[in-house]
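Notes for the one structure printed next.
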Amino acid sequence: MQISKTLKPDQVNWPLIREKYHTSLQIRALCADTKNLFGEAGRGSGKTTYIFAPRLLRVSFDMPRAIIMMVGPTYVFLLETVIPELITYLNTYYQRGIHYEYGRRPPQHFKRPYTEITDKGWNHTFSFAWGTVIQFASMDRPESFVGKNVVHIAADELLRIKENEFRERAVPALRADKSVFGHSHYFKGITGFSSTPNMDNDYDWWMDYQKNVDEKSISELMFVAYKVLQAGGKLVKMRADLDRLRQQQRGHAADRKQLKIEKLSRFIAHWEGKLATK
């Protein structure tokens, strides 16, 4: 959503725009992108690879050098179920060792998070070149939450996590510095996803958040967000057209294109600021 905060063109070696296809659920999650985002999605919905992973990247972009905590019912679940899907997504758009690292101390060219991490502490982490780190925590190991100081919590398969344990162990870790990260609408937010719970054996407390949803406001927000994303794509193309016109020394056409670019840029800047408060 924060188009202006993405990596600059000279920092990447892939096309600026790619054609992608999403399901309606994936598009809704991308456009809503609220501070707290909870979702129920069944198997095959792509919730981890196409909703959960991109969401984590947007959070990490918006709060560089922050610590995000990824919570699972067990470390085994995180390492065998969630992490492979996240790596699949990252390997599609990024290069390990250049843009991200997993399970080891990051390279020297990576920015460092504001919170220092010990050598051993890098074992259960994702780190990114812009300094953000995702640390893992397991509900069956209470000690994994001790001393955590994070800006955002991400949890997968909430149906396996007890409400009281989540609130007593994970939520208190949302205590990062507001003066540094308070600009972001993701600050102290929660991203939680799960498959549909079996009401006999699974936990469904997280589904109560639906009662707080203002459907009308969310629909309006998604409409504006879609228009901003669409305008961002147009802006990239218009800038490429401007470069071509200048190379062809078509001055008047280039001037007209520049005016259109400035108008579209103002539209994006205005509505990005509005969306950033959601």
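Here's how to read the names in the structure tokens: chain A, B, ... by the order shown, residue numbers from 1 in each chain, ligand numbers from 1 in the order shown.
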DSSP strand (DSSP E) residues within region 1-247 of chain A, listed as a ChimeraX atom specification: /A:37-40,67-72,100-102,125-128,133-138,152-156,189-194
Dump as a compact mmCIF listing (two decimals), in the first residue's frame, selection limited to N, CA, C and O atoms:
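Okay, selection_29.txt is ready:
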```
# COMPACT_ATOMS: atom_id res chain seq x y z
N LEU A 37 -5.29 -7.26 11.07
CA LEU A 37 -5.88 -7.99 9.96
C LEU A 37 -5.99 -9.46 10.34
O LEU A 37 -4.98 -10.16 10.52
N PHE A 38 -7.23 -9.94 10.49
CA PHE A 38 -7.48 -11.34 10.82
C PHE A 38 -8.21 -11.98 9.65
O PHE A 38 -9.08 -11.36 9.02
N GLY A 39 -7.85 -13.23 9.35
CA GLY A 39 -8.48 -13.89 8.23
C GLY A 39 -8.70 -15.37 8.47
O GLY A 39 -7.87 -16.04 9.10
N GLU A 40 -9.82 -15.86 7.97
CA GLU A 40 -10.13 -17.28 7.99
C GLU A 40 -10.12 -17.77 6.55
O GLU A 40 -10.85 -17.26 5.70
N ILE A 67 11.57 -4.80 14.99
CA ILE A 67 11.45 -6.24 15.26
C ILE A 67 9.98 -6.63 15.16
O ILE A 67 9.12 -6.03 15.83
N ILE A 68 9.69 -7.61 14.33
CA ILE A 68 8.36 -8.19 14.21
C ILE A 68 8.41 -9.58 14.83
O ILE A 68 9.42 -10.28 14.70
N MET A 69 7.36 -9.98 15.48
CA MET A 69 7.33 -11.31 16.10
C MET A 69 6.33 -12.20 15.37
O MET A 69 5.18 -11.85 15.20
N MET A 70 6.80 -13.35 14.93
CA MET A 70 5.94 -14.33 14.28
C MET A 70 5.67 -15.48 15.26
O MET A 70 6.59 -16.14 15.72
N VAL A 71 4.39 -15.68 15.55
CA VAL A 71 3.98 -16.62 16.59
C VAL A 71 3.34 -17.85 15.96
O VAL A 71 2.56 -17.76 15.02
N GLY A 72 3.67 -19.01 16.51
CA GLY A 72 3.04 -20.25 16.10
C GLY A 72 2.76 -21.11 17.32
O GLY A 72 3.31 -20.86 18.40
N TYR A 100 17.37 -10.61 1.66
CA TYR A 100 16.90 -11.20 2.92
C TYR A 100 17.83 -12.34 3.32
O TYR A 100 18.61 -12.86 2.52
N GLU A 101 17.76 -12.71 4.60
CA GLU A 101 18.52 -13.85 5.11
C GLU A 101 17.64 -14.59 6.11
O GLU A 101 16.75 -14.00 6.72
N TYR A 102 17.89 -15.87 6.27
CA TYR A 102 17.09 -16.70 7.16
C TYR A 102 18.00 -17.58 8.01
O TYR A 102 18.91 -18.25 7.49
N THR A 125 15.16 -16.48 12.85
CA THR A 125 14.80 -15.14 12.36
C THR A 125 14.80 -15.09 10.84
O THR A 125 15.46 -15.89 10.17
N PHE A 126 14.05 -14.12 10.32
CA PHE A 126 14.24 -13.59 8.98
C PHE A 126 14.80 -12.18 9.16
O PHE A 126 14.32 -11.43 10.01
N SER A 127 15.79 -11.81 8.37
CA SER A 127 16.30 -10.45 8.40
C SER A 127 16.27 -9.89 6.98
O SER A 127 16.35 -10.64 6.00
N PHE A 128 16.14 -8.56 6.89
CA PHE A 128 16.02 -7.91 5.58
C PHE A 128 17.05 -6.80 5.45
O PHE A 128 17.52 -6.25 6.45
N VAL A 133 13.72 -7.18 11.26
CA VAL A 133 13.94 -8.58 11.61
C VAL A 133 12.63 -9.19 12.09
O VAL A 133 11.88 -8.58 12.85
N ILE A 134 12.34 -10.41 11.63
CA ILE A 134 11.19 -11.17 12.11
C ILE A 134 11.72 -12.27 13.02
O ILE A 134 12.47 -13.15 12.58
N GLN A 135 11.36 -12.21 14.30
CA GLN A 135 11.76 -13.23 15.26
C GLN A 135 10.61 -14.21 15.48
O GLN A 135 9.45 -13.83 15.47
N PHE A 136 10.95 -15.49 15.71
CA PHE A 136 9.94 -16.51 15.93
C PHE A 136 9.71 -16.71 17.42
O PHE A 136 10.63 -16.58 18.23
N ALA A 137 8.48 -17.03 17.77
CA ALA A 137 8.13 -17.35 19.16
C ALA A 137 7.09 -18.47 19.14
O ALA A 137 6.21 -18.50 18.29
N SER A 138 7.22 -19.38 20.09
CA SER A 138 6.35 -20.56 20.13
C SER A 138 5.50 -20.56 21.39
O SER A 138 6.02 -20.35 22.50
N HIS A 152 5.02 -5.37 15.86
CA HIS A 152 3.87 -6.02 15.22
C HIS A 152 3.95 -7.51 15.50
O HIS A 152 5.04 -8.08 15.61
N ILE A 153 2.78 -8.14 15.62
CA ILE A 153 2.71 -9.58 15.83
C ILE A 153 2.05 -10.22 14.62
O ILE A 153 1.02 -9.75 14.13
N ALA A 154 2.64 -11.31 14.15
CA ALA A 154 2.05 -12.10 13.07
C ALA A 154 1.86 -13.52 13.57
O ALA A 154 2.79 -14.11 14.13
N ALA A 155 0.67 -14.07 13.40
CA ALA A 155 0.38 -15.42 13.90
C ALA A 155 -0.37 -16.21 12.83
O ALA A 155 -1.29 -15.70 12.19
N ASP A 156 0.05 -17.45 12.65
CA ASP A 156 -0.62 -18.32 11.69
C ASP A 156 -1.23 -19.50 12.43
O ASP A 156 -0.72 -19.94 13.46
N GLY A 189 0.12 -3.47 15.75
CA GLY A 189 -0.98 -4.22 15.14
C GLY A 189 -0.74 -5.71 15.20
O GLY A 189 0.34 -6.19 15.57
N ILE A 190 -1.75 -6.48 14.79
CA ILE A 190 -1.69 -7.94 14.78
C ILE A 190 -2.16 -8.45 13.42
O ILE A 190 -3.20 -8.01 12.92
N THR A 191 -1.40 -9.34 12.84
CA THR A 191 -1.81 -10.05 11.63
C THR A 191 -2.03 -11.50 12.01
O THR A 191 -1.08 -12.18 12.42
N GLY A 192 -3.25 -11.97 11.92
CA GLY A 192 -3.56 -13.34 12.33
C GLY A 192 -4.40 -14.07 11.30
O GLY A 192 -5.44 -13.56 10.88
N PHE A 193 -3.95 -15.25 10.91
CA PHE A 193 -4.69 -16.05 9.95
C PHE A 193 -4.86 -17.48 10.45
O PHE A 193 -4.09 -17.95 11.30
N SER A 194 -5.86 -18.12 9.91
CA SER A 194 -6.11 -19.49 10.31
C SER A 194 -7.02 -20.17 9.30
O SER A 194 -7.78 -19.51 8.58
```
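DSSP annotation of region 71-139 of chain A from backbone atoms: helix (DSSP H, G or I) residues are Tyr75, Val76, Phe77, Leu78, Leu79, Glu80, Thr81, Val82, Ile83, Pro84, Glu85, Leu86, Ile87, Thr88, Tyr89, Leu90, Asn91, Thr92, Tyr93, Lys120, Gly121 and Trp122 of chain A.
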Test item: residues at most 7 Å from Gln26 (chain A), only C-alpha atoms, excluding those fewer than 3 positions along its chain, as a VMD selection string: chain A and resid 22 to 23 29 to 30 50 to 51
Keeping all heavy atoms, export the residues of the selection given above as a compact mmCIF listing (two decimals), in the first residue's frame.
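New file out_38.txt:
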```
# COMPACT_ATOMS: atom_id res chain seq x y z
N HIS A 22 -4.76 -12.67 -8.61
CA HIS A 22 -5.10 -12.96 -7.23
C HIS A 22 -6.56 -13.38 -7.14
O HIS A 22 -7.39 -13.01 -7.97
CB HIS A 22 -4.92 -11.71 -6.35
CG HIS A 22 -3.49 -11.30 -6.17
ND1 HIS A 22 -2.60 -12.01 -5.40
CD2 HIS A 22 -2.78 -10.26 -6.66
CE1 HIS A 22 -1.42 -11.42 -5.43
NE2 HIS A 22 -1.50 -10.35 -6.19
N THR A 23 -6.85 -14.14 -6.08
CA THR A 23 -8.25 -14.45 -5.80
C THR A 23 -8.89 -13.22 -5.17
O THR A 23 -8.20 -12.28 -4.74
CB THR A 23 -8.36 -15.64 -4.82
OG1 THR A 23 -7.80 -15.24 -3.55
CG2 THR A 23 -7.61 -16.85 -5.35
N ALA A 29 -7.58 -8.61 1.06
CA ALA A 29 -6.56 -8.48 2.11
C ALA A 29 -5.52 -7.43 1.72
O ALA A 29 -5.07 -6.64 2.57
CB ALA A 29 -5.89 -9.83 2.36
N LEU A 30 -5.14 -7.39 0.45
CA LEU A 30 -4.16 -6.42 -0.02
C LEU A 30 -4.69 -5.00 0.10
O LEU A 30 -3.98 -4.09 0.54
CB LEU A 30 -3.79 -6.71 -1.48
CG LEU A 30 -2.92 -5.67 -2.18
CD1 LEU A 30 -1.55 -5.57 -1.53
CD2 LEU A 30 -2.78 -6.00 -3.66
N TYR A 50 0.40 -15.92 -0.38
CA TYR A 50 -0.08 -14.75 -1.13
C TYR A 50 -0.79 -13.69 -0.29
O TYR A 50 -1.14 -12.65 -0.80
CB TYR A 50 -1.02 -15.23 -2.25
CG TYR A 50 -0.31 -16.11 -3.25
CD1 TYR A 50 -0.58 -17.48 -3.30
CD2 TYR A 50 0.64 -15.59 -4.11
CE1 TYR A 50 0.08 -18.30 -4.20
CE2 TYR A 50 1.31 -16.40 -5.01
CZ TYR A 50 1.02 -17.76 -5.06
OH TYR A 50 1.68 -18.56 -5.94
N ILE A 51 -1.01 -13.97 0.99
CA ILE A 51 -1.61 -12.96 1.87
C ILE A 51 -0.68 -12.67 3.05
O ILE A 51 -0.25 -11.54 3.27
CB ILE A 51 -2.99 -13.40 2.38
CG1 ILE A 51 -3.95 -13.66 1.22
CG2 ILE A 51 -3.58 -12.34 3.31
CD1 ILE A 51 -5.32 -14.15 1.64
```
Please list as a short mmCIF file (atom, residue, chain, number, x, y, z; two decimals) with N, CA, C and O atoms, in the first residue's frame every residue within 7 Å of region 172-177 of chain A, counting only C-alpha atoms and excluding residues in the same chain fewer than 4 positions away.
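Produced file around37.cif, reproduced below:
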```cif
data_model
loop_
_atom_site.label_atom_id
_atom_site.label_comp_id
_atom_site.auth_asym_id
_atom_site.auth_seq_id
_atom_site.Cartn_x
_atom_site.Cartn_y
_atom_site.Cartn_z
N LYS A 148 10.97 -9.84 24.65
CA LYS A 148 10.60 -9.39 23.30
C LYS A 148 10.06 -7.97 23.36
O LYS A 148 9.33 -7.59 24.25
N ASN A 149 10.46 -7.18 22.35
CA ASN A 149 10.07 -5.77 22.27
C ASN A 149 9.78 -5.49 20.80
O ASN A 149 10.68 -5.14 20.05
N VAL A 150 8.52 -5.69 20.38
CA VAL A 150 8.22 -5.74 18.96
C VAL A 150 7.21 -4.67 18.54
O VAL A 150 6.49 -4.12 19.36
N VAL A 151 7.17 -4.42 17.21
CA VAL A 151 6.25 -3.42 16.67
C VAL A 151 4.96 -4.06 16.14
O VAL A 151 3.94 -3.38 15.98
N HIS A 152 5.02 -5.37 15.86
CA HIS A 152 3.87 -6.02 15.22
C HIS A 152 3.95 -7.51 15.50
O HIS A 152 5.04 -8.08 15.61
N GLU A 168 -1.61 -13.27 27.18
CA GLU A 168 -0.69 -13.16 28.31
C GLU A 168 0.78 -13.19 27.88
O GLU A 168 1.63 -12.61 28.56
N PHE A 181 8.60 4.39 15.70
CA PHE A 181 7.77 3.63 14.77
C PHE A 181 6.31 4.04 14.75
O PHE A 181 5.51 3.48 14.00
N LYS A 188 2.02 -1.65 16.52
CA LYS A 188 1.29 -2.37 17.57
C LYS A 188 0.05 -3.09 17.03
O LYS A 188 -0.94 -3.27 17.73
#
```
Selection near region 235-246 of chain A, 10 Å with only C-alpha atoms, sequence-local residues under 3 positions removed, as a ChimeraX atom specification: /A:16-17,229-232,249-258,260-262,264-265,268
Could you save the residues just selected, with C-alpha atoms, as a CSV table (one decimal), in the first residue's frame?
```csv
chain,number,residue,atom,x,y,z
A,16,LEU,CA,9.1,-2.8,-11.8
A,17,ILE,CA,5.7,-4.1,-12.7
A,229,LEU,CA,-2.4,1.0,-6.4
A,230,GLN,CA,-3.8,1.4,-9.9
A,231,ALA,CA,-2.4,5.0,-10.0
A,232,GLY,CA,1.0,3.7,-8.9
A,249,GLN,CA,13.7,15.4,-27.9
A,250,ARG,CA,10.0,15.9,-28.1
A,251,GLY,CA,10.0,18.8,-25.6
A,252,HIS,CA,6.3,19.9,-25.8
A,253,ALA,CA,5.0,16.3,-25.4
A,254,ALA,CA,7.4,15.7,-22.6
A,255,ASP,CA,6.2,18.9,-20.8
A,256,ARG,CA,2.6,17.7,-21.1
A,257,LYS,CA,3.5,14.3,-19.8
A,258,GLN,CA,5.4,15.9,-16.8
A,260,LYS,CA,0.2,14.6,-15.9
A,261,ILE,CA,2.9,12.9,-13.7
A,262,GLU,CA,2.8,15.7,-11.2
A,264,LEU,CA,-1.0,11.8,-10.5
A,265,SER,CA,1.8,12.0,-7.9
A,268,ILE,CA,-1.2,9.3,-4.7
```
Interatomic distance (Å, one decimal) between CA of Arg160 (chain A) and CA of Arg55 (chain A): 21.2 Å
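Reported to one decimal place, the separation of CA of Phe61 (chain A) from CA of Tyr186 (chain A) is 10.6 Å.
Take CA of Glu272 (chain A) and CA of Ile27 (chain A): the distance between them is 17.6 Å.
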Residue contacts of Val224 (chain A) (8 Å, only C-alpha atoms) excluding same-chain residues fewer than 4 positions away, as a list in words: Glu220, Val228 and Trp271 of chain A
Residues from last step as file, all heavy atoms, as a compact mmCIF listing (two decimals), in the first residue's frame:
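Wrote it out as out-v6.txt, contents follow:
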```txt
# COMPACT_ATOMS: atom_id res chain seq x y z
N GLU A 220 -15.24 1.15 1.49
CA GLU A 220 -14.78 2.43 0.97
C GLU A 220 -13.25 2.51 0.99
O GLU A 220 -12.63 3.02 0.05
CB GLU A 220 -15.38 3.57 1.80
CG GLU A 220 -16.90 3.71 1.63
CD GLU A 220 -17.50 4.74 2.56
OE1 GLU A 220 -16.76 5.24 3.44
OE2 GLU A 220 -18.70 5.05 2.40
N VAL A 228 -5.43 3.83 -5.60
CA VAL A 228 -4.05 4.26 -5.36
C VAL A 228 -3.06 3.28 -5.97
O VAL A 228 -2.07 3.67 -6.61
CB VAL A 228 -3.79 4.43 -3.85
CG1 VAL A 228 -2.30 4.66 -3.58
CG2 VAL A 228 -4.59 5.60 -3.30
N TRP A 271 -3.79 10.50 -1.02
CA TRP A 271 -4.55 9.35 -0.54
C TRP A 271 -3.69 8.34 0.20
O TRP A 271 -4.20 7.61 1.07
CB TRP A 271 -5.31 8.70 -1.69
CG TRP A 271 -6.46 9.55 -2.12
CD1 TRP A 271 -6.58 10.29 -3.26
CD2 TRP A 271 -7.66 9.80 -1.37
NE1 TRP A 271 -7.76 10.97 -3.28
CE2 TRP A 271 -8.45 10.69 -2.13
CE3 TRP A 271 -8.15 9.36 -0.13
CZ2 TRP A 271 -9.70 11.13 -1.70
CZ3 TRP A 271 -9.38 9.80 0.31
CH2 TRP A 271 -10.14 10.68 -0.47
```
